Amino acid sequence: MTAPSTRGFPEAEYRTRTTRAQEKMAEQGLDGLLLMTEAEVTYFTGFQTLFWQSPTRPWFVFVPQAGKPVAIIPEIGAALMRQTWVDDIRTWCAPCPADDGISLLTELLAPCTKIGVMLGHETHLRMPLADWNRLMAGLPGIQVSDAGPLVQGLRMVKSDAEIAKLAHVCAIGSATFAQVPAFAQEGTPLDAVFREFRRAALAQGADGAPYVVGAAAQGGYADVISPPDGTPLAKGDILMLDSGMVCDGYYCDFDRNWAIGRADDMAKLAYDVLWRATEAGIAAARPGTTCQALCAAMNAVIAEIQDSGGDIGRLGHGLGLQLTEQPSLAGFDATVLQENMVITLEPSVSYGDGLMMVHEENIVVTPEGGRLLTTRAAPELPII
């Protein structure tokens with residue numbers, strides 16, 4: 001695939017994101033947002049680095065009531081942060097367990113009376129709890145509010161520029177999956193299939209394929225998150241590969257299923273049900289529909305062979321700077337879909353003696369229903 005001509009976004013994209021956040025902050029009486037996890041820091045600044053893989057150093061960005069974000073980061077990241085639109089960059093020599101940015105944060109936050117921090121579901125504090133307690137002790141008058149709904153709500157709805165990046169990485173994923181029959185033959189060890197798949201993803205233009213899971217077994221598989229072993233593919237196996245490839249910070253997340261040599265009737269039926277359940281999800285993915293209703297639309301089809309519907313916890317989720325984002329397509333999530341949300345549809349079904357199958361596509365919510373970003377899977381179970 002041809003890579004985009006530019007990486008990141010124009011400054012206007014980050015300015016718009018920040019302004020929208022500041023409008024929400026004003027409604028909630030917040031003096032600012034304190035962000036410390038990768039997706040949120042990237043979302044507001046454009047700062048991208050693999051250094052997040054190291055747990056050694058914390059990173060902080062503060063979004064004030066007005067103006068640009070302020071970065072409080074280890075000195076090792078200063079040069080890269082200066083390439084973003086952020087001007088106010090305060091650093092310390094890290095790691096420094098005695099004071100890993102806490103005094104700088106305390107100084108910055110001292111004038112504030114109420115700040116937002118990501119505290120809820122699908123969030124975490126990316127700093128030692130002892131450091132957090134030390135920070136709060138140094139700011140005795142400050143009130144901390146959960147900024148999760150504010151930030152996650154903004155990130156759920158993608159800009160046209162974000163959707164273009166998501167479409168690009170989904171095209172890379174689709175092109176990679178199309179190559180699988182060339183190297184996933186009867187007798188090929190499963191771990192070799194995984195390695196070839198990753199190589200194909202990189203050759204198609206992915207920056208990486210950090211999430212590749214799957215399985216292969218007779219008539220179906222028993223789980224969807226296993227690492228591979230060296231077991232050779234055998235006639236009658238159902239092979240599933242599920243991949244989250246990334247390009248310029250944005251992920252695709254979808255899977256494909258194949259039968260090796262032949263497929264039994266139950267596997268064909270499970271595939272057909274899931275394909276039609278996904279069609280129902282695509283049709284229902286319109287603004288104003290709740291995640292609960294979208295989940296129910298897919299479960300109505302799954303119920304043809306499984307009364308309880310899919311049993312992996314949810315039937316899809318948000319997608320973007322993270323492999324999985326909010327919302328969840330599940331009975332517990334009443335989030336109302338909005339135009340330009342990007343979500344996965346991921347119906348699953350259990351059948352036979354402990355077997356299962358999962359089908360997944362990536363779509364954009366539009367008034368006409370879901371618009372596919374992935375190349376739609378074949379309507380019948382492909383046989384290699």
# chains A, B, ... in the order shown; residues from 1 in each chain; ligands from 1
$ residues_around --residues "Leu33 (chain A)" --least-positions-apart "2" --cutoff "12 Å" --atoms "only C-alpha atoms" --output "ChimeraX atom specification"
/A:18,21-22,24-26,28-31,35-36,40-41,44,60-66,68-71,108-109,112-119,143-148,150-151
$ residues_around --residues "Leu337 (chain A)" --least-positions-apart "5" --cutoff "12 Å" --atoms "only C-alpha atoms" --output "ChimeraX atom specification"
/A:153,156-157,284-295,317-318,326-329,342-343,364-367,369-370
$ residues_around --residues "Gly320 (chain A)" --least-positions-apart "4" --cutoff "9 Å" --atoms "only C-alpha atoms" --output "number ranges by chain"
A: 155-156, 158, 162-163, 166, 249-252, 324-325, 342-343
$ atom_distance --atom1 "CA of Arg90 (chain A)" --atom2 "CA of Leu50 (chain A)"
20.5 Å
$ residues_around --residues "Glu186 (chain A)" --least-positions-apart "6" --cutoff "7 Å" --atoms "only C-alpha atoms" --output "number ranges by chain"
A: 233-235, 260
$ select_by_dssp --residues "region 185-310 of chain A" --states "alpha helix (DSSP H)" --output "JSON, numbers by chain"
{"A": [190, 191, 192, 193, 194, 195, 196, 197, 198, 199, 200, 201, 202, 203, 204, 265, 266, 267, 268, 269, 270, 271, 272, 273, 274, 275, 276, 277, 278, 279, 280, 281, 282, 283, 284, 291, 292, 293, 294, 295, 296, 297, 298, 299, 300, 301, 302]}
$ closest_residue --among "A:Asp255, A:Glu304, A:Asp248, A:Glu339" --to "Ala270 (chain A)" --atoms "only C-alpha atoms"
A:Glu304
$ closest_atom_pairs --of "region 229-321 of chain A" --to "region 208-211 of chain A" --cutoff "8 Å" --atoms "only C-alpha atoms" --output "CSV"
residue,atom,partner,partner_atom,distance
A:Asp242,CA,A:Tyr211,CA,7.8
A:Ser243,CA,A:Tyr211,CA,5.4
A:Gly244,CA,A:Tyr211,CA,4.8
A:Met245,CA,A:Ala209,CA,4.2
A:Val246,CA,A:Gly208,CA,5.5
A:Cys247,CA,A:Gly208,CA,7.1
$ closest_residue --among "A:Gly313, A:Ala296, A:Leu345, A:Gln218" --to "Trp275 (chain A)" --atoms "only C-alpha atoms"
A:Leu345
$ residues_around --residues "Ala297 (chain A)" --least-positions-apart "5" --cutoff "8 Å" --atoms "only C-alpha atoms" --output "list in words"
Ala277, Ala280, Gly281 and Ala284 of chain A
$ write_last_selection --atoms "N, CA and C atoms" --output "JSON list (two decimals), in the first residue's frame"
[["chain", "number", "residue", "atom", "x", "y", "z"],
["A", 277, "ALA", "N", -24.96, -11.86, 10.81],
["A", 277, "ALA", "CA", -25.03, -11.02, 12.01],
["A", 277, "ALA", "C", -24.26, -9.72, 11.79],
["A", 280, "ALA", "N", -26.30, -7.43, 9.74],
["A", 280, "ALA", "CA", -27.31, -6.76, 10.57],
["A", 280, "ALA", "C", -26.69, -5.62, 11.34],
["A", 281, "GLY", "N", -25.47, -5.82, 11.83],
["A", 281, "GLY", "CA", -24.78, -4.75, 12.54],
["A", 281, "GLY", "C", -24.46, -3.58, 11.64],
["A", 284, "ALA", "N", -27.54, -1.54, 11.12],
["A", 284, "ALA", "CA", -28.03, -0.85, 12.32],
["A", 284, "ALA", "C", -27.12, 0.26, 12.80]]
$ closest_residue --among "A:Glu380, A:Asp160, A:Asp333, A:Glu196" --to "Asn257 (chain A)" --atoms "only C-alpha atoms"
A:Glu380
$ closest_residue --among "A:Phe332, A:Tyr271, A:Tyr351, A:Trp52" --to "Ile305 (chain A)" --atoms "only C-alpha atoms"
A:Tyr351
$ closest_residue --among "A:Ile73, A:Cys93, A:Ala79, A:Ala161" --to "Thr6 (chain A)" --atoms "only C-alpha atoms"
A:Ala161
$ closest_residue --among "A:Thr37, A:Thr56, A:Thr106, A:Thr84" --to "Glu11 (chain A)" --atoms "only C-alpha atoms"
A:Thr84
$ residues_around --residues "Ala171 (chain A)" --least-positions-apart "6" --cutoff "12 Å" --atoms "only C-alpha atoms" --output "short mmCIF file (atom, residue, chain, number, x, y, z; two decimals) with N, CA and C atoms, in the first residue's frame"
data_model
loop_
_atom_site.label_atom_id
_atom_site.label_comp_id
_atom_site.auth_asym_id
_atom_site.auth_seq_id
_atom_site.Cartn_x
_atom_site.Cartn_y
_atom_site.Cartn_z
N MET A 1 0.84 -1.20 0.00
CA MET A 1 0.00 0.00 0.00
C MET A 1 0.88 1.25 0.00
N THR A 2 0.42 2.29 -0.68
CA THR A 2 1.14 3.55 -0.69
C THR A 2 0.91 4.29 0.61
N ALA A 3 2.00 4.67 1.27
CA ALA A 3 1.89 5.37 2.55
C ALA A 3 1.39 6.79 2.34
N ALA A 164 -9.50 9.04 7.50
CA ALA A 164 -8.62 8.74 6.37
C ALA A 164 -7.46 7.85 6.80
N LYS A 165 -6.90 8.12 7.98
CA LYS A 165 -5.80 7.28 8.46
C LYS A 165 -6.30 5.88 8.81
N PHE A 177 -4.45 -9.77 4.71
CA PHE A 177 -5.29 -10.96 4.84
C PHE A 177 -5.48 -11.66 3.49
N ALA A 178 -5.53 -10.90 2.41
CA ALA A 178 -5.71 -11.50 1.08
C ALA A 178 -4.54 -12.40 0.71
N ALA A 201 2.35 -7.92 6.54
CA ALA A 201 1.81 -6.64 7.00
C ALA A 201 2.83 -5.53 6.82
N GLN A 204 3.24 -4.56 3.22
CA GLN A 204 2.12 -3.79 2.70
C GLN A 204 2.15 -2.34 3.19
N GLY A 205 3.01 -2.01 4.16
CA GLY A 205 3.14 -0.63 4.61
C GLY A 205 2.76 -0.37 6.03
N ALA A 206 2.44 -1.41 6.80
CA ALA A 206 2.15 -1.20 8.22
C ALA A 206 3.42 -0.80 8.95
N MET A 245 -3.08 -4.05 13.22
CA MET A 245 -1.93 -3.40 12.59
C MET A 245 -2.02 -1.90 12.85
N VAL A 246 -0.86 -1.24 12.81
CA VAL A 246 -0.83 0.18 13.12
C VAL A 246 -0.05 0.91 12.05
N CYS A 247 -0.53 2.10 11.69
CA CYS A 247 0.17 2.98 10.77
C CYS A 247 -0.07 4.41 11.21
N TYR A 251 -4.96 2.27 14.41
CA TYR A 251 -5.06 0.82 14.33
C TYR A 251 -6.24 0.37 13.47
N CYS A 252 -6.04 -0.77 12.82
CA CYS A 252 -7.17 -1.58 12.39
C CYS A 252 -7.30 -2.72 13.39
N ASP A 253 -8.43 -3.38 13.39
CA ASP A 253 -8.63 -4.53 14.27
C ASP A 253 -9.73 -5.39 13.68
N PHE A 254 -9.34 -6.43 12.95
CA PHE A 254 -10.34 -7.35 12.41
C PHE A 254 -9.71 -8.71 12.18
N GLU A 361 -15.31 -6.90 11.51
CA GLU A 361 -15.10 -5.89 10.48
C GLU A 361 -14.97 -4.52 11.16
N ASN A 362 -14.41 -3.55 10.45
CA ASN A 362 -14.27 -2.18 10.94
C ASN A 362 -15.10 -1.25 10.09
N LEU A 372 -18.05 0.37 5.47
CA LEU A 372 -16.91 -0.50 5.71
C LEU A 372 -15.59 0.21 5.44
N LEU A 373 -14.65 0.05 6.37
CA LEU A 373 -13.27 0.44 6.15
C LEU A 373 -12.44 -0.76 5.72
N THR A 374 -12.85 -1.94 6.14
CA THR A 374 -12.20 -3.18 5.75
C THR A 374 -12.86 -3.72 4.48
N THR A 375 -12.11 -4.51 3.73
CA THR A 375 -12.69 -5.22 2.59
C THR A 375 -13.51 -6.37 3.15
N ARG A 376 -14.79 -6.39 2.82
CA ARG A 376 -15.73 -7.34 3.44
C ARG A 376 -15.27 -8.78 3.23
#
$ atom_distance --atom1 "CA of Gln185 (chain A)" --atom2 "CA of Leu274 (chain A)"
24.3 Å
$ select_by_dssp --residues "region 291-338 of chain A" --states "strand (DSSP E or B)" --output "ChimeraX atom specification"
/A:317-318,325-328,336
$ write_last_selection --atoms "N, CA and C atoms" --output "PDB file, in the first residue's frame"
ATOM      1  N   HIS A 317     -16.400  -2.809  19.546  1.00  0.00           N
ATOM      2  CA  HIS A 317     -15.860  -1.729  20.373  1.00  0.00           C
ATOM      3  C   HIS A 317     -15.371  -0.599  19.489  1.00  0.00           C
ATOM      4  N   GLY A 318     -14.985   0.505  20.124  1.00  0.00           N
ATOM      5  CA  GLY A 318     -14.405   1.612  19.404  1.00  0.00           C
ATOM      6  C   GLY A 318     -12.993   1.297  18.929  1.00  0.00           C
ATOM      7  N   GLU A 325     -11.055   0.847  21.988  1.00  0.00           N
ATOM      8  CA  GLU A 325     -11.460   2.080  22.656  1.00  0.00           C
ATOM      9  C   GLU A 325     -12.924   1.951  23.050  1.00  0.00           C
ATOM     10  N   GLN A 326     -13.393   2.906  23.811  1.00  0.00           N
ATOM     11  CA  GLN A 326     -14.825   2.984  24.072  1.00  0.00           C
ATOM     12  C   GLN A 326     -15.522   3.492  22.813  1.00  0.00           C
ATOM     13  N   PRO A 327     -16.784   3.111  22.588  1.00  0.00           N
ATOM     14  CA  PRO A 327     -17.680   2.376  23.473  1.00  0.00           C
ATOM     15  C   PRO A 327     -17.575   0.865  23.281  1.00  0.00           C
ATOM     16  N   SER A 328     -18.397   0.118  24.049  1.00  0.00           N
ATOM     17  CA  SER A 328     -18.510  -1.326  23.895  1.00  0.00           C
ATOM     18  C   SER A 328     -19.875  -1.663  23.300  1.00  0.00           C
ATOM     19  N   VAL A 336     -24.955   6.334  22.845  1.00  0.00           N
ATOM     20  CA  VAL A 336     -25.677   6.576  21.592  1.00  0.00           C
ATOM     21  C   VAL A 336     -24.655   6.815  20.483  1.00  0.00           C
TER      22      VAL A 336
END
$ atom_distance --atom1 "CA of Glu279 (chain A)" --atom2 "CA of Met357 (chain A)"
16.2 Å
